[in-house]
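This is data_12.txt (compact mmCIF, N, CA and C atoms and all ligand atoms).
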```
# COMPACT_ATOMS: atom_id res chain seq x y z
N MET A 1 91.85 114.06 79.20
CA MET A 1 92.33 113.61 80.50
C MET A 1 92.69 112.13 80.47
N LYS A 2 93.85 111.84 81.03
CA LYS A 2 94.25 110.44 81.17
C LYS A 2 93.42 109.80 82.28
N ASN A 3 93.21 108.52 82.17
CA ASN A 3 92.59 107.82 83.29
C ASN A 3 93.52 107.95 84.49
N SER A 4 92.95 108.06 85.66
CA SER A 4 93.82 108.19 86.82
C SER A 4 94.52 106.86 87.08
N ILE A 5 95.76 107.01 87.48
CA ILE A 5 96.61 105.85 87.71
C ILE A 5 96.67 105.61 89.21
N ILE A 6 96.53 104.40 89.60
CA ILE A 6 96.60 104.09 91.03
C ILE A 6 97.86 103.29 91.33
N LEU A 7 98.59 103.78 92.33
CA LEU A 7 99.77 103.06 92.78
C LEU A 7 99.32 102.00 93.79
N LYS A 8 99.62 100.76 93.47
CA LYS A 8 99.19 99.67 94.33
C LYS A 8 100.13 99.52 95.52
N SER A 9 101.43 99.52 95.21
CA SER A 9 102.40 99.42 96.28
C SER A 9 103.75 99.92 95.79
N TYR A 10 104.66 100.12 96.72
CA TYR A 10 106.01 100.55 96.33
C TYR A 10 107.00 99.92 97.28
N GLU A 11 108.22 99.85 96.81
CA GLU A 11 109.28 99.22 97.58
C GLU A 11 110.55 100.01 97.32
N VAL A 12 111.27 100.37 98.38
CA VAL A 12 112.52 101.08 98.19
C VAL A 12 113.65 100.07 98.08
N LEU A 13 114.36 100.12 96.96
CA LEU A 13 115.46 99.20 96.70
C LEU A 13 116.72 100.01 96.47
N ASN A 14 117.61 100.03 97.45
CA ASN A 14 118.84 100.81 97.35
C ASN A 14 118.55 102.25 96.95
N ASP A 15 118.95 102.64 95.74
CA ASP A 15 118.80 104.04 95.35
C ASP A 15 117.62 104.26 94.42
N MET A 16 116.69 103.32 94.42
CA MET A 16 115.51 103.52 93.60
C MET A 16 114.25 102.98 94.27
N ILE A 17 113.14 103.36 93.71
CA ILE A 17 111.85 102.86 94.21
C ILE A 17 111.21 102.03 93.11
N LEU A 18 110.74 100.87 93.51
CA LEU A 18 109.98 100.04 92.59
C LEU A 18 108.50 100.38 92.80
N LEU A 19 107.87 100.83 91.73
CA LEU A 19 106.46 101.22 91.80
C LEU A 19 105.59 100.16 91.13
N LYS A 20 104.59 99.72 91.82
CA LYS A 20 103.68 98.72 91.25
C LYS A 20 102.31 99.36 91.05
N TRP A 21 101.88 99.34 89.79
CA TRP A 21 100.64 100.04 89.43
C TRP A 21 99.48 99.06 89.36
N ASP A 22 98.28 99.62 89.45
CA ASP A 22 97.11 98.74 89.50
C ASP A 22 96.77 98.11 88.15
N ASP A 23 97.49 98.51 87.09
CA ASP A 23 97.27 97.81 85.81
C ASP A 23 98.29 96.68 85.65
N GLU A 24 98.89 96.30 86.80
CA GLU A 24 99.84 95.18 86.86
C GLU A 24 101.20 95.49 86.23
N THR A 25 101.46 96.75 85.89
CA THR A 25 102.79 97.11 85.39
C THR A 25 103.65 97.58 86.57
N GLU A 26 104.96 97.56 86.35
CA GLU A 26 105.91 98.03 87.35
C GLU A 26 106.85 99.02 86.70
N SER A 27 107.33 99.97 87.47
CA SER A 27 108.35 100.85 86.93
C SER A 27 109.30 101.26 88.04
N PHE A 28 110.48 101.74 87.63
CA PHE A 28 111.52 102.15 88.57
C PHE A 28 111.68 103.65 88.56
N LEU A 29 111.93 104.18 89.73
CA LEU A 29 112.23 105.60 89.83
C LEU A 29 113.48 105.78 90.68
N HIS A 30 114.52 106.38 90.09
CA HIS A 30 115.73 106.64 90.84
C HIS A 30 115.49 107.78 91.83
N LEU A 31 115.98 107.61 93.05
CA LEU A 31 115.76 108.62 94.09
C LEU A 31 116.36 109.97 93.69
N LYS A 32 117.50 109.91 92.99
CA LYS A 32 118.15 111.15 92.57
C LYS A 32 117.24 111.91 91.60
N LYS A 33 116.68 111.17 90.67
CA LYS A 33 115.78 111.80 89.70
C LYS A 33 114.52 112.33 90.39
N MET A 34 114.05 111.56 91.37
CA MET A 34 112.86 111.97 92.10
C MET A 34 113.11 113.30 92.81
N ARG A 35 114.24 113.37 93.52
CA ARG A 35 114.53 114.59 94.26
C ARG A 35 114.76 115.78 93.33
N GLU A 36 115.44 115.53 92.21
CA GLU A 36 115.72 116.62 91.27
C GLU A 36 114.45 117.16 90.63
N ASN A 37 113.39 116.38 90.68
CA ASN A 37 112.13 116.83 90.10
C ASN A 37 111.09 117.11 91.19
N CYS A 38 111.58 117.50 92.35
CA CYS A 38 110.67 117.79 93.46
C CYS A 38 109.64 118.84 93.03
N PRO A 39 108.35 118.50 93.19
CA PRO A 39 107.31 119.41 92.70
C PRO A 39 106.89 120.48 93.70
N CYS A 40 107.56 120.60 94.84
CA CYS A 40 107.11 121.58 95.83
C CYS A 40 107.36 123.00 95.33
N ALA A 41 106.68 123.95 95.93
CA ALA A 41 106.75 125.34 95.46
C ALA A 41 108.17 125.89 95.57
N ASN A 42 108.91 125.44 96.56
CA ASN A 42 110.27 125.93 96.73
C ASN A 42 111.21 125.44 95.63
N CYS A 43 111.08 124.18 95.26
CA CYS A 43 111.98 123.60 94.26
C CYS A 43 111.49 123.89 92.84
N ALA A 44 110.21 123.68 92.60
CA ALA A 44 109.70 123.81 91.24
C ALA A 44 109.24 125.23 90.93
N GLY A 45 108.97 126.01 91.97
CA GLY A 45 108.53 127.37 91.78
C GLY A 45 107.02 127.46 91.61
N GLU A 46 106.54 128.67 91.79
CA GLU A 46 105.12 128.93 91.60
C GLU A 46 104.96 129.97 90.50
N LYS A 47 104.00 129.74 89.63
CA LYS A 47 103.78 130.65 88.51
C LYS A 47 102.75 131.71 88.88
N ASP A 48 103.05 132.97 88.49
CA ASP A 48 102.01 133.98 88.67
C ASP A 48 101.17 134.05 87.39
N VAL A 49 100.19 134.96 87.37
CA VAL A 49 99.27 135.01 86.23
C VAL A 49 99.98 135.37 84.93
N PHE A 50 101.17 135.97 85.02
CA PHE A 50 101.90 136.34 83.81
C PHE A 50 102.84 135.24 83.35
N GLY A 51 102.88 134.16 84.10
CA GLY A 51 103.74 133.05 83.71
C GLY A 51 105.15 133.14 84.28
N ASN A 52 105.40 134.16 85.10
CA ASN A 52 106.72 134.23 85.74
C ASN A 52 106.80 133.17 86.83
N ILE A 53 107.95 132.55 86.96
CA ILE A 53 108.11 131.50 87.96
C ILE A 53 108.94 132.03 89.13
N TYR A 54 108.41 131.88 90.31
CA TYR A 54 109.12 132.29 91.51
C TYR A 54 109.54 131.06 92.30
N LYS A 55 110.84 130.96 92.53
CA LYS A 55 111.34 129.83 93.32
C LYS A 55 111.86 130.33 94.65
N GLY A 56 111.91 129.44 95.60
CA GLY A 56 112.47 129.76 96.90
C GLY A 56 113.99 129.80 96.79
N PRO A 57 114.65 130.08 97.91
CA PRO A 57 116.12 130.09 97.89
C PRO A 57 116.65 128.73 97.45
N LYS A 58 117.69 128.76 96.67
CA LYS A 58 118.25 127.51 96.16
C LYS A 58 118.72 126.65 97.32
N GLN A 59 118.40 125.40 97.24
CA GLN A 59 118.77 124.52 98.34
C GLN A 59 120.15 123.95 98.15
N VAL A 60 120.79 123.72 99.28
CA VAL A 60 122.09 123.09 99.23
C VAL A 60 121.87 121.59 99.12
N ILE A 61 122.32 121.04 98.02
CA ILE A 61 122.14 119.60 97.79
C ILE A 61 123.36 118.86 98.35
N THR A 62 123.10 117.93 99.22
CA THR A 62 124.17 117.11 99.78
C THR A 62 123.88 115.65 99.45
N GLU A 63 124.75 114.78 99.89
CA GLU A 63 124.50 113.35 99.68
C GLU A 63 123.16 112.94 100.30
N ASN A 64 122.83 113.57 101.43
CA ASN A 64 121.60 113.23 102.12
C ASN A 64 120.35 113.64 101.36
N SER A 65 120.53 114.54 100.40
CA SER A 65 119.38 115.00 99.62
C SER A 65 118.77 113.87 98.80
N TYR A 66 119.55 112.84 98.57
CA TYR A 66 119.06 111.72 97.76
C TYR A 66 118.82 110.47 98.60
N VAL A 67 118.86 110.66 99.93
CA VAL A 67 118.63 109.53 100.82
C VAL A 67 117.24 109.67 101.42
N LEU A 68 116.49 108.59 101.35
CA LEU A 68 115.11 108.61 101.81
C LEU A 68 115.04 108.15 103.27
N ASN A 69 114.44 108.98 104.11
CA ASN A 69 114.23 108.58 105.51
C ASN A 69 112.90 107.88 105.69
N GLY A 70 111.96 108.22 104.84
CA GLY A 70 110.63 107.64 104.96
C GLY A 70 109.72 108.16 103.88
N MET A 71 108.54 107.56 103.83
CA MET A 71 107.59 107.95 102.80
C MET A 71 106.20 107.91 103.40
N GLN A 72 105.44 108.97 103.14
CA GLN A 72 104.09 109.03 103.69
C GLN A 72 103.08 109.02 102.54
N PRO A 73 102.20 108.04 102.53
CA PRO A 73 101.15 108.08 101.50
C PRO A 73 100.18 109.21 101.80
N ILE A 74 99.79 109.96 100.77
CA ILE A 74 98.80 111.03 100.94
C ILE A 74 97.52 110.55 100.26
N GLY A 75 96.56 110.21 101.06
CA GLY A 75 95.30 109.71 100.51
C GLY A 75 95.56 108.58 99.53
N TYR A 76 94.81 108.59 98.44
CA TYR A 76 95.01 107.58 97.41
C TYR A 76 95.50 108.23 96.15
N TYR A 77 96.28 109.29 96.28
CA TYR A 77 96.71 109.97 95.06
C TYR A 77 98.17 110.38 95.04
N ALA A 78 98.87 110.31 96.16
CA ALA A 78 100.23 110.85 96.16
C ALA A 78 101.10 110.22 97.24
N LEU A 79 102.41 110.42 97.09
CA LEU A 79 103.39 110.03 98.11
C LEU A 79 104.20 111.26 98.47
N ARG A 80 104.57 111.32 99.75
CA ARG A 80 105.40 112.42 100.22
C ARG A 80 106.68 111.83 100.81
N PRO A 81 107.80 112.03 100.13
CA PRO A 81 109.06 111.49 100.65
C PRO A 81 109.68 112.40 101.72
N PHE A 82 110.30 111.79 102.69
CA PHE A 82 111.06 112.51 103.72
C PHE A 82 112.53 112.27 103.45
N TRP A 83 113.21 113.31 102.95
CA TRP A 83 114.63 113.16 102.59
C TRP A 83 115.49 113.38 103.82
N ALA A 84 116.66 112.74 103.80
CA ALA A 84 117.55 112.78 104.97
C ALA A 84 118.12 114.17 105.23
N ASP A 85 118.04 115.09 104.26
CA ASP A 85 118.52 116.45 104.52
C ASP A 85 117.42 117.34 105.11
N GLY A 86 116.27 116.73 105.43
CA GLY A 86 115.22 117.48 106.11
C GLY A 86 114.12 118.01 105.20
N HIS A 87 114.29 117.85 103.89
CA HIS A 87 113.27 118.36 102.97
C HIS A 87 112.12 117.37 102.86
N HIS A 88 110.88 117.89 103.01
CA HIS A 88 109.75 116.97 102.90
C HIS A 88 108.49 117.67 102.44
N SER A 89 108.64 118.74 101.68
CA SER A 89 107.43 119.45 101.24
C SER A 89 106.97 119.04 99.85
N GLY A 90 107.70 118.10 99.23
CA GLY A 90 107.29 117.67 97.89
C GLY A 90 106.22 116.60 97.95
N ILE A 91 105.11 116.86 97.30
CA ILE A 91 104.04 115.86 97.23
C ILE A 91 103.93 115.38 95.79
N TYR A 92 104.27 114.12 95.60
CA TYR A 92 104.34 113.53 94.26
C TYR A 92 103.04 112.79 93.97
N SER A 93 102.23 113.35 93.08
CA SER A 93 101.01 112.63 92.69
C SER A 93 101.41 111.37 91.93
N PHE A 94 100.50 110.42 91.88
CA PHE A 94 100.81 109.19 91.15
C PHE A 94 101.14 109.50 89.70
N ALA A 95 100.48 110.49 89.13
CA ALA A 95 100.75 110.85 87.73
C ALA A 95 102.19 111.34 87.56
N ILE A 96 102.67 112.13 88.53
CA ILE A 96 104.06 112.61 88.47
C ILE A 96 105.01 111.43 88.61
N LEU A 97 104.72 110.54 89.56
CA LEU A 97 105.58 109.36 89.76
C LEU A 97 105.66 108.53 88.49
N LYS A 98 104.51 108.36 87.87
CA LYS A 98 104.45 107.57 86.64
C LYS A 98 105.28 108.24 85.53
N ASP A 99 105.15 109.55 85.44
CA ASP A 99 105.89 110.31 84.42
C ASP A 99 107.40 110.21 84.62
N LEU A 100 107.84 110.28 85.88
CA LEU A 100 109.26 110.29 86.18
C LEU A 100 109.89 108.91 86.09
N SER A 101 109.07 107.89 86.28
CA SER A 101 109.63 106.54 86.35
C SER A 101 109.88 105.96 84.99
N GLU A 102 110.67 104.92 84.97
CA GLU A 102 111.03 104.26 83.72
C GLU A 102 110.74 102.77 83.83
N GLY A 103 110.64 102.18 82.70
CA GLY A 103 110.51 100.73 82.67
C GLY A 103 109.08 100.32 82.49
ZN ZN B 1 111.07 120.51 97.10
```

Before anything else, please render the file you have as structure tokens.
Ligand SMILES: [Zn+2]
Amino acid sequence: MKNSIILKSYEVLNDMILLKWDDETESFLHLKKMRENCPCANCAGEKDVFGNIYKGPKQVITENSYVLNGMQPIGYYALRPFWADGHHSGIYSFAILKDLSEG
């Protein structure tokens, strides 16, 4: 197990988010990449015991799908983005954010 990573703060800059971690490092996450890797059951699917993945109906991606309306911190472990197309069921743990981000 990796040590848990704590997100200290974040800042939305145009089409990306600047993530500041508690080990004093920073990384960038593009909103487009974030949305494309939405971890919610509808986007990422849910696995049954046989390993089959079930996804919800494919979503219509528009320009608004990559526009952030807001962000809700979930406890001390995750962020939940509110996308301008109305999608907001993705809960991104800090570990996922760290994995997706660069820099
Ligand atoms: Zn989703």

Report the distance between atom N of Lys55 (chain A) and atom C of Ala78 (chain A) in Å, rounded to one decimal place.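 A separation of 23.4 Å between them.
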
Can you pull out every residue with an atom within 6 Å of ligand ZN 1 (chain B)? Use all atoms listed in the file and format it as a PyMOL selection string. chain A and resi 38-44+89-90

Can you work out which one of A:Gly103, A:Tyr54, A:Asp85, A:Leu7 has the shortest atom-to-atom distance to Leu68 (chain A), counting only C-alpha atoms?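 For Leu68 (chain A), the nearest of the candidates is A:Asp85.
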
For region 32-34 of chain A, find every residue with an atom within 7 Å (counting only N, CA and C atoms), except residues of its own chain fewer than 5 positions away, and show them as a PyMOL selection string. chain A and resi 15-16+65-66

Enter the distance from CA of Asp22 (chain A) to atom N of Gln72 (chain A), in Å, rounded to one decimal.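 Pair CA of Asp22 (chain A) / atom N of Gln72 (chain A) returns 19.0 Å.
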
Just the alpha helix (DSSP H) stuff from chain A, please, per backbone DSSP, written as a list in words. Leu31, Lys32, Lys33, Met34, Arg35, Glu36, Ala41, Asn42, Cys43, Ala44, Phe94, Ala95, Ile96, Leu97, Lys98, Asp99 and Leu100 of chain A

Around (105.6, 110.0, 92.1) in the file's frame, which residues reach within 9 Å when counting only C-alpha atoms? Return as a ChimeraX atom specification? /A:19,29,34,78-80,91-101

Could you state the separation of CA of Ser9 (chain A) and atom C of Trp83 (chain A) in Å, given to one decimal place?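 Distance reported for this atom pair: 20.6 Å.
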
Write out as a VMD selection string all residues of chain A that DSSP puts in strand (DSSP E or B) for this structure's backbone. chain A and resid 7 to 13 16 to 21 26 to 30 46 to 47 53 to 54 68 to 74 78 to 83 92 to 93 102

Excluding Asn69 (chain A) and its own-chain neighbours fewer than 2 positions away, which residues fall within 6 Å of it when counting all atoms listed in the file? Please give them as a list in words. Val67, Met71, Phe82, Trp83 and Ala84 of chain A

Any chance you could export the current selection's N, CA and C atoms as a PDB file, in the coordinates of the input?
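Final output, saved to selection-v4.pdb:
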```
ATOM      1  N   VAL A  67     118.860 110.660  99.930  1.00  0.00           N
ATOM      2  CA  VAL A  67     118.630 109.530 100.820  1.00  0.00           C
ATOM      3  C   VAL A  67     117.240 109.670 101.420  1.00  0.00           C
ATOM      4  N   MET A  71     108.540 107.560 103.830  1.00  0.00           N
ATOM      5  CA  MET A  71     107.590 107.950 102.800  1.00  0.00           C
ATOM      6  C   MET A  71     106.200 107.910 103.400  1.00  0.00           C
ATOM      7  N   PHE A  82     110.300 111.790 102.690  1.00  0.00           N
ATOM      8  CA  PHE A  82     111.060 112.510 103.720  1.00  0.00           C
ATOM      9  C   PHE A  82     112.530 112.270 103.450  1.00  0.00           C
ATOM     10  N   TRP A  83     113.210 113.310 102.950  1.00  0.00           N
ATOM     11  CA  TRP A  83     114.630 113.160 102.590  1.00  0.00           C
ATOM     12  C   TRP A  83     115.490 113.380 103.820  1.00  0.00           C
ATOM     13  N   ALA A  84     116.660 112.740 103.800  1.00  0.00           N
ATOM     14  CA  ALA A  84     117.550 112.780 104.970  1.00  0.00           C
ATOM     15  C   ALA A  84     118.120 114.170 105.230  1.00  0.00           C
TER      16      ALA A  84
END
```
